[in-house]
file entry_28.cif (mmCIF, C-alpha atoms)
data_final
#
loop_
_atom_site.label_atom_id
_atom_site.label_comp_id
_atom_site.auth_asym_id
_atom_site.auth_seq_id
_atom_site.Cartn_x
_atom_site.Cartn_y
_atom_site.Cartn_z
CA MET A 8 -3.37 -19.97 -4.40
CA LYS A 9 -6.95 -19.25 -5.38
CA LEU A 10 -9.39 -16.67 -4.04
CA ARG A 11 -12.00 -19.30 -3.25
CA GLU A 12 -9.54 -21.14 -1.00
CA PHE A 13 -9.81 -18.41 1.62
CA ILE A 14 -12.73 -16.13 0.71
CA VAL A 15 -15.65 -17.38 2.81
CA SER A 16 -18.65 -17.19 0.48
CA ASP A 17 -21.21 -17.05 3.29
CA ALA A 18 -19.47 -13.98 4.71
CA ILE A 19 -19.59 -11.92 1.50
CA VAL A 20 -21.66 -8.74 1.90
CA PRO A 21 -23.04 -7.56 -1.47
CA GLU A 22 -24.45 -4.38 0.05
CA LEU A 23 -22.72 -3.06 3.13
CA LYS A 24 -24.95 -1.40 5.69
CA ALA A 25 -22.09 0.45 7.36
CA THR A 26 -21.05 3.73 5.78
CA ASP A 27 -17.77 4.44 7.55
CA ARG A 28 -14.45 2.60 7.60
CA ASP A 29 -14.57 1.20 11.12
CA GLY A 30 -18.21 0.19 10.71
CA VAL A 31 -17.42 -1.63 7.48
CA ILE A 32 -14.55 -3.50 9.13
CA ARG A 33 -16.83 -4.55 12.00
CA GLU A 34 -19.60 -5.63 9.64
CA LEU A 35 -17.24 -7.83 7.63
CA VAL A 36 -15.53 -9.38 10.66
CA THR A 37 -18.93 -10.07 12.24
CA ASN A 38 -19.99 -11.81 9.04
CA LEU A 39 -16.83 -13.91 9.03
CA SER A 40 -17.57 -14.91 12.60
CA ALA A 41 -21.20 -15.73 11.82
CA ALA A 42 -19.97 -17.93 8.96
CA GLY A 43 -17.80 -19.84 11.43
CA ALA A 44 -14.43 -18.46 10.36
CA LEU A 45 -13.68 -16.73 13.66
CA PRO A 46 -14.87 -17.30 17.25
CA GLU A 47 -17.48 -14.76 18.28
CA ASP A 48 -15.48 -13.66 21.31
CA ALA A 49 -12.56 -12.72 19.04
CA VAL A 50 -14.51 -10.21 16.96
CA ASP A 51 -13.78 -7.13 19.08
CA GLU A 52 -10.06 -7.82 19.29
CA VAL A 53 -9.71 -8.51 15.58
CA VAL A 54 -11.70 -5.41 14.66
CA ALA A 55 -9.45 -3.35 16.94
CA ALA A 56 -6.33 -4.81 15.29
CA LEU A 57 -7.65 -4.05 11.80
CA VAL A 58 -8.60 -0.49 12.73
CA LYS A 59 -5.20 0.08 14.31
CA ARG A 60 -3.58 -1.16 11.12
CA GLU A 61 -5.60 1.34 9.10
CA GLN A 62 -4.60 4.15 11.43
CA ASN A 63 -0.94 3.30 10.85
CA GLY A 64 -1.42 3.51 7.09
CA SER A 65 -4.51 3.11 4.96
CA THR A 66 -4.96 -0.11 3.01
CA GLY A 67 -6.99 1.90 0.52
CA PHE A 68 -4.27 1.57 -2.11
CA GLY A 69 -6.27 3.42 -4.75
CA LYS A 70 -8.72 2.70 -7.58
CA GLY A 71 -11.70 2.33 -5.25
CA VAL A 72 -10.49 -0.73 -3.38
CA ALA A 73 -9.25 -1.35 0.16
CA VAL A 74 -7.72 -4.46 1.65
CA PRO A 75 -7.80 -4.27 5.45
CA HIS A 76 -5.80 -7.16 6.86
CA THR A 77 -4.18 -8.41 10.02
CA LYS A 78 -2.25 -11.35 11.36
CA HIS A 79 -3.85 -12.27 14.66
CA PRO A 80 -3.34 -15.07 17.22
CA LYS A 81 -7.10 -15.69 17.47
CA VAL A 82 -7.23 -16.53 13.77
CA LYS A 83 -6.65 -20.24 13.31
CA LYS A 84 -7.21 -20.51 9.59
CA MET A 85 -6.66 -17.79 7.01
CA SER A 86 -9.99 -16.43 5.86
CA GLY A 87 -11.28 -13.46 3.99
CA THR A 88 -14.42 -11.81 2.79
CA ILE A 89 -15.60 -9.09 0.43
CA GLY A 90 -17.90 -6.16 1.02
CA ARG A 91 -19.40 -3.90 -1.60
CA SER A 92 -20.52 -0.34 -1.01
CA VAL A 93 -22.75 1.42 -3.50
CA SER A 94 -22.28 4.88 -2.02
CA GLY A 95 -18.54 4.60 -1.35
CA ILE A 96 -16.63 4.71 1.93
CA ASP A 97 -13.98 7.12 3.11
CA PHE A 98 -11.00 4.84 3.77
CA ALA A 99 -8.43 7.64 3.79
CA ALA A 100 -7.26 6.04 0.56
CA LEU A 101 -3.89 6.94 -0.95
CA ASP A 102 -5.60 8.54 -3.93
CA HIS A 103 -8.17 10.28 -1.67
CA GLN A 104 -11.02 8.59 -3.55
CA PRO A 105 -13.94 6.68 -1.99
CA VAL A 106 -13.71 2.90 -1.68
CA TYR A 107 -16.40 0.72 -3.26
CA SER A 108 -14.92 -2.74 -2.80
CA VAL A 109 -13.37 -4.00 0.41
CA VAL A 110 -11.44 -7.27 0.57
CA LEU A 111 -10.76 -8.13 4.20
CA LEU A 112 -8.16 -10.74 5.09
CA LEU A 113 -7.44 -12.41 8.43
CA SER A 114 -4.30 -14.50 8.75
CA PRO A 115 -2.90 -16.56 11.59
CA GLU A 116 0.38 -15.44 13.06
CA ASN A 117 3.59 -17.10 11.92
CA GLN A 118 2.41 -17.90 8.41
CA PRO A 119 3.85 -14.98 6.46
CA GLN A 120 4.22 -16.98 3.24
CA GLN A 121 0.57 -17.93 3.11
CA HIS A 122 -0.37 -14.32 3.85
CA LEU A 123 1.79 -13.05 0.97
CA GLN A 124 0.33 -15.65 -1.39
CA ALA A 125 -3.16 -14.44 -0.54
CA MET A 126 -2.15 -10.80 -0.99
CA ASN A 127 -0.65 -11.71 -4.35
CA ILE A 128 -3.83 -13.28 -5.69
CA ILE A 129 -5.97 -10.47 -4.28
CA PHE A 130 -3.86 -7.74 -5.87
CA SER A 131 -3.26 -9.59 -9.13
CA ASN A 132 -7.01 -9.47 -9.60
CA LEU A 133 -7.64 -6.01 -8.15
CA GLN A 134 -5.11 -4.60 -10.60
CA LYS A 135 -7.32 -5.71 -13.48
CA ASP A 136 -9.75 -3.02 -14.59
CA MET A 137 -12.37 -5.57 -15.59
CA PHE A 138 -12.24 -7.40 -12.29
CA ARG A 139 -12.60 -4.16 -10.30
CA ARG A 140 -15.44 -2.98 -12.50
CA PHE A 141 -17.36 -6.26 -12.25
CA LEU A 142 -16.79 -6.47 -8.51
CA ARG A 143 -18.13 -2.99 -8.06
CA GLN A 144 -21.22 -3.72 -10.15
CA THR A 145 -22.08 -7.15 -8.81
CA GLY A 146 -24.98 -6.95 -6.40
CA THR A 147 -25.57 -10.49 -5.16
CA ARG A 148 -23.49 -12.93 -3.17
CA GLU A 149 -23.95 -15.66 -5.78
CA ALA A 150 -22.76 -13.41 -8.59
CA ILE A 151 -19.72 -12.33 -6.60
CA VAL A 152 -18.86 -16.00 -5.98
CA ASP A 153 -19.19 -16.62 -9.74
CA LEU A 154 -16.85 -13.70 -10.39
CA LEU A 155 -14.29 -15.17 -7.97
CA ASP A 156 -14.59 -18.57 -9.65
CA GLU A 157 -13.96 -17.00 -13.03
CA ALA A 158 -10.98 -15.09 -11.68
CA ASP A 159 -9.59 -18.31 -10.21
CA GLN A 160 -9.94 -20.00 -13.57
CA GLY A 161 -7.97 -17.17 -15.14
CA LYS A 162 -10.81 -15.91 -17.33
CA MET B 157 19.14 7.55 -20.23
CA PRO B 158 21.09 6.38 -17.17
CA SER B 159 19.99 3.15 -15.62
CA ALA B 160 21.05 1.04 -12.67
CA PHE B 161 20.09 -2.19 -11.00
CA ARG B 162 20.96 -4.29 -7.97
CA ASP B 163 20.03 -7.83 -6.99
CA ILE B 164 18.92 -8.36 -3.41
CA VAL B 165 17.52 -11.11 -1.23
CA VAL B 166 14.52 -10.30 0.94
CA SER B 167 15.77 -10.76 4.48
CA ASN B 168 13.06 -9.54 6.82
CA LYS B 169 11.12 -12.43 8.32
CA LEU B 170 7.65 -11.31 7.19
CA GLY B 171 8.70 -10.66 3.62
CA LEU B 172 7.44 -7.83 1.43
CA HIS B 173 4.02 -7.38 3.01
CA ALA B 174 1.90 -4.25 2.75
CA ARG B 175 3.78 -1.97 5.12
CA PRO B 176 7.24 -2.49 3.58
CA ALA B 177 5.69 -2.30 0.12
CA MET B 178 4.27 1.12 0.98
CA GLN B 179 7.58 2.20 2.45
CA PHE B 180 9.29 1.14 -0.76
CA VAL B 181 6.80 2.99 -2.95
CA ASP B 182 7.08 6.14 -0.83
CA GLN B 183 10.84 6.06 -1.27
CA ALA B 184 10.58 5.21 -4.99
CA ASN B 185 8.34 8.23 -5.50
CA GLN B 186 11.10 10.51 -4.22
CA PHE B 187 12.93 9.87 -7.49
CA ASN B 188 12.29 10.87 -11.08
CA SER B 189 13.49 7.53 -12.38
CA GLY B 190 11.08 4.78 -13.30
CA ILE B 191 11.48 1.91 -10.84
CA THR B 192 10.92 -1.76 -11.61
CA VAL B 193 11.17 -4.73 -9.28
CA ARG B 194 11.52 -8.12 -10.89
CA ARG B 195 11.13 -11.56 -9.43
CA GLU B 196 12.52 -14.30 -11.65
CA GLY B 197 10.19 -17.21 -12.11
CA ASP B 198 11.01 -20.82 -11.34
CA ALA B 199 9.21 -24.15 -11.51
CA GLU B 200 6.51 -22.86 -9.17
CA VAL B 201 6.01 -19.18 -9.92
CA GLU B 202 5.93 -17.07 -13.02
CA THR B 203 8.32 -14.18 -13.52
CA VAL B 204 6.74 -11.01 -12.17
CA GLU B 205 7.76 -7.47 -12.94
CA ALA B 206 6.19 -4.82 -10.75
CA ASP B 207 6.06 -1.05 -11.03
CA GLY B 208 8.02 0.08 -7.98
CA LYS B 209 5.76 3.11 -7.62
CA SER B 210 2.55 1.05 -7.21
CA VAL B 211 1.76 -0.64 -3.90
CA MET B 212 -0.77 -2.92 -5.56
CA ALA B 213 1.79 -4.04 -8.11
CA MET B 214 4.48 -4.56 -5.48
CA LEU B 215 2.16 -6.84 -3.53
CA THR B 216 1.92 -9.20 -6.50
CA LEU B 217 5.62 -10.04 -6.17
CA GLU B 218 4.88 -12.54 -3.40
CA ALA B 219 8.35 -11.89 -2.03
CA PHE B 220 9.06 -13.98 1.07
CA ALA B 221 12.13 -13.94 3.23
CA GLY B 222 14.75 -15.52 0.95
CA THR B 223 13.18 -14.38 -2.34
CA HIS B 224 15.62 -12.89 -4.87
CA LEU B 225 14.58 -9.60 -6.44
CA ARG B 226 16.14 -7.26 -8.96
CA ILE B 227 15.59 -3.55 -8.35
CA SER B 228 16.05 -1.46 -11.49
CA ALA B 229 15.83 2.25 -12.14
CA ASP B 230 15.78 4.21 -15.38
CA GLY B 231 16.30 7.95 -15.29
CA ASP B 232 18.65 10.74 -14.33
CA ASP B 233 18.73 9.72 -10.67
CA ALA B 234 18.83 5.96 -11.27
CA GLU B 235 21.97 5.30 -9.22
CA GLN B 236 20.77 7.16 -6.14
CA ALA B 237 17.32 5.57 -6.40
CA VAL B 238 18.65 2.02 -6.48
CA GLU B 239 21.02 2.73 -3.62
CA LYS B 240 18.23 4.12 -1.39
CA LEU B 241 15.80 1.35 -2.26
CA VAL B 242 18.34 -1.40 -1.61
CA GLN B 243 19.02 0.23 1.76
CA LEU B 244 15.40 -0.36 2.77
CA PHE B 245 15.81 -4.10 2.26
CA GLU B 246 19.16 -4.09 4.04
CA ASP B 247 17.53 -2.33 6.99
CA LYS B 248 14.80 -5.00 6.97
CA PHE B 249 12.30 -2.15 6.67
CA GLY B 250 12.91 -1.33 10.30
CA GLU B 251 11.35 -4.60 11.43
CA GLY B 252 14.41 -5.79 13.31
CA GLU B 253 14.11 -9.42 12.17
#
call {"tool": "encode", "arguments": {"input": "entry_28.cif", "output": "structure tokens"}}
result
Amino acid sequence: MKLREFIVSDAIVPELKATDRDGVIRELVTNLSAAGALPEDAVDEVVAALVKREQNGSTGFGKGVAVPHTKHPKVKKMSGTIGRSVSGIDFAALDHQPVYSVVLLLSPENQPQQHLQAMNIIFSNLQKDMFRRFLRQTGTREAIVDLLDEADQGK
Amino acid sequence: MPSAFRDIVVSNKLGLHARPAMQFVDQANQFNSGITVRREGDAEVETVEADGKSVMAMLTLEAFAGTHLRISADGDDAEQAVEKLVQLFEDKFGEGE
């Protein structure tokens, strides 16, 4: 699987306005909805599910990245987006450090394989120091899309 | 240095997603031994070896229900570590299915 197969370019937020975890989640889900990846009337429910998931255990797995995710019946097609924060967000991360890059993933229910494939490609890249560094420094949507393309080509 | 390993098959329906991965890493961190989880490659996927103490690494295993994994430990408490970690899979990470 490739990042560009499910990351919705139009929903990427190169500079997040929100400064707290729940606000960031809402901003990204709203952008996914605006880009047509999720019905508008599902936004509140999906945000609530993502926040609940964070409360059960942070998806800030360390190194300045967080990957909020949920499997939700209102999600018909797996889709994701990326948000970048210059100032850093408190995600209650495992390493207690601020989060600068957020990769948010929405999956339909009953497709656990597809979900795990997406998590694999996300974390294979997030584990790379160069990828994390570039993602954190890249300030435009176009440049982030280029970065994803390069990652998908294995550069 | 003592070492131990066991081969298991992922049996919970949702596979090794984030919550079980974190549960595994929490348990792995209770031990001094280094922990490695290996997924043998086949025609479709490459062999992956993940640090059992890193959630991010564990999530690159792409371990579905039915995936075969080898859990290895190296260190003075290797036997106990492998036994406890295998137990998590056998208990389906408390997911009930």
call {"tool": "atom_distance", "arguments": {"input": "entry_28.cif", "atom1": "atom CA of A:Gln121", "atom2": "atom CA of A:Pro75"}}
result
16.2 Å
call {"tool": "resolve_selection", "arguments": {"input": "entry_28.cif", "expression": "the PyMOL selection byres ((chain A) within 9 of (chain B))", "output": "ChimeraX atom specification"}}
result
/A:64,66,68-69,117-120,122-131,133-134
call {"tool": "residues_around", "arguments": {"input": "entry_28.cif", "residues": "A:His79", "least_positions_apart": "2", "cutoff": "9 Å", "atoms": "all atoms listed in the file", "output": "list in words"}}
result
Glu52, Val53, Ala56, Thr77, Lys81, Val82, Lys83, Leu113, Ser114, Pro115 and Glu116 of chain A
call {"tool": "atom_distance", "arguments": {"input": "entry_28.cif", "atom1": "atom CA of A:Ala150", "atom2": "atom CA of A:Ile19"}}
result
10.7 Å
call {"tool": "atom_distance", "arguments": {"input": "entry_28.cif", "atom1": "atom CA of B:Ala184", "atom2": "atom CA of A:Arg139"}}
result
25.6 Å
call {"tool": "residues_near_point", "arguments": {"input": "entry_28.cif", "point": "(-22.2, -9.0, -4.8)", "cutoff": "10 Å", "atoms": "all atoms listed in the file", "output": "CSV table (one decimal) with C-alpha atoms, in the frame of the given file"}}
result
chain,number,residue,atom,x,y,z
A,19,ILE,CA,-19.6,-11.9,1.5
A,20,VAL,CA,-21.7,-8.7,1.9
A,21,PRO,CA,-23.0,-7.6,-1.5
A,22,GLU,CA,-24.4,-4.4,0.0
A,23,LEU,CA,-22.7,-3.1,3.1
A,89,ILE,CA,-15.6,-9.1,0.4
A,90,GLY,CA,-17.9,-6.2,1.0
A,91,ARG,CA,-19.4,-3.9,-1.6
A,92,SER,CA,-20.5,-0.3,-1.0
A,108,SER,CA,-14.9,-2.7,-2.8
A,141,PHE,CA,-17.4,-6.3,-12.2
A,142,LEU,CA,-16.8,-6.5,-8.5
A,143,ARG,CA,-18.1,-3.0,-8.1
A,144,GLN,CA,-21.2,-3.7,-10.2
A,145,THR,CA,-22.1,-7.2,-8.8
A,146,GLY,CA,-25.0,-7.0,-6.4
A,147,THR,CA,-25.6,-10.5,-5.2
A,148,ARG,CA,-23.5,-12.9,-3.2
A,149,GLU,CA,-24.0,-15.7,-5.8
A,150,ALA,CA,-22.8,-13.4,-8.6
A,151,ILE,CA,-19.7,-12.3,-6.6
A,152,VAL,CA,-18.9,-16.0,-6.0
A,153,ASP,CA,-19.2,-16.6,-9.7
A,154,LEU,CA,-16.8,-13.7,-10.4
call {"tool": "closest_residue", "arguments": {"input": "entry_28.cif", "among": "B:Glu200, B:Gly252, B:Phe187, B:Ile164", "to": "B:Leu225", "atoms": "all atoms listed in the file"}}
result
B:Ile164
call {"tool": "resolve_selection", "arguments": {"input": "entry_28.cif", "expression": "the PyMOL selection byres ((chain A and resi 111) around 9)", "output": "PyMOL selection string"}}
result
chain A and resi 14+32+35-36+73-77+86-90+109-110+112-113
call {"tool": "residues_near_point", "arguments": {"input": "entry_28.cif", "point": "(19.1, 0.4, 1.4)", "cutoff": "12 Å", "atoms": "all atoms listed in the file", "output": "number ranges by chain"}}
result
B: 162-166, 179-180, 183-184, 227, 236-250
call {"tool": "axis_aligned_box", "arguments": {"input": "entry_28.cif", "around": "stretch 186-193 of chain B", "padding_each_side": "5 Å", "output": "AutoDock Vina command-line options"}}
result
--center_x 12.2 --center_y 3.1 --center_z -8.8 --size_x 12.6 --size_y 25.6 --size_z 19.1
call {"tool": "residues_around", "arguments": {"input": "entry_28.cif", "residues": "B:Ser228", "least_positions_apart": "3", "cutoff": "7 Å", "atoms": "only C-alpha atoms", "output": "ChimeraX atom specification"}}
result
/B:160-162,191-193,238
call {"tool": "residues_around", "arguments": {"input": "entry_28.cif", "residues": "A:Lys9", "least_positions_apart": "2", "cutoff": "6 Å", "atoms": "all atoms listed in the file", "output": "PyMOL selection string"}}
result
chain A and resi 11-12+159
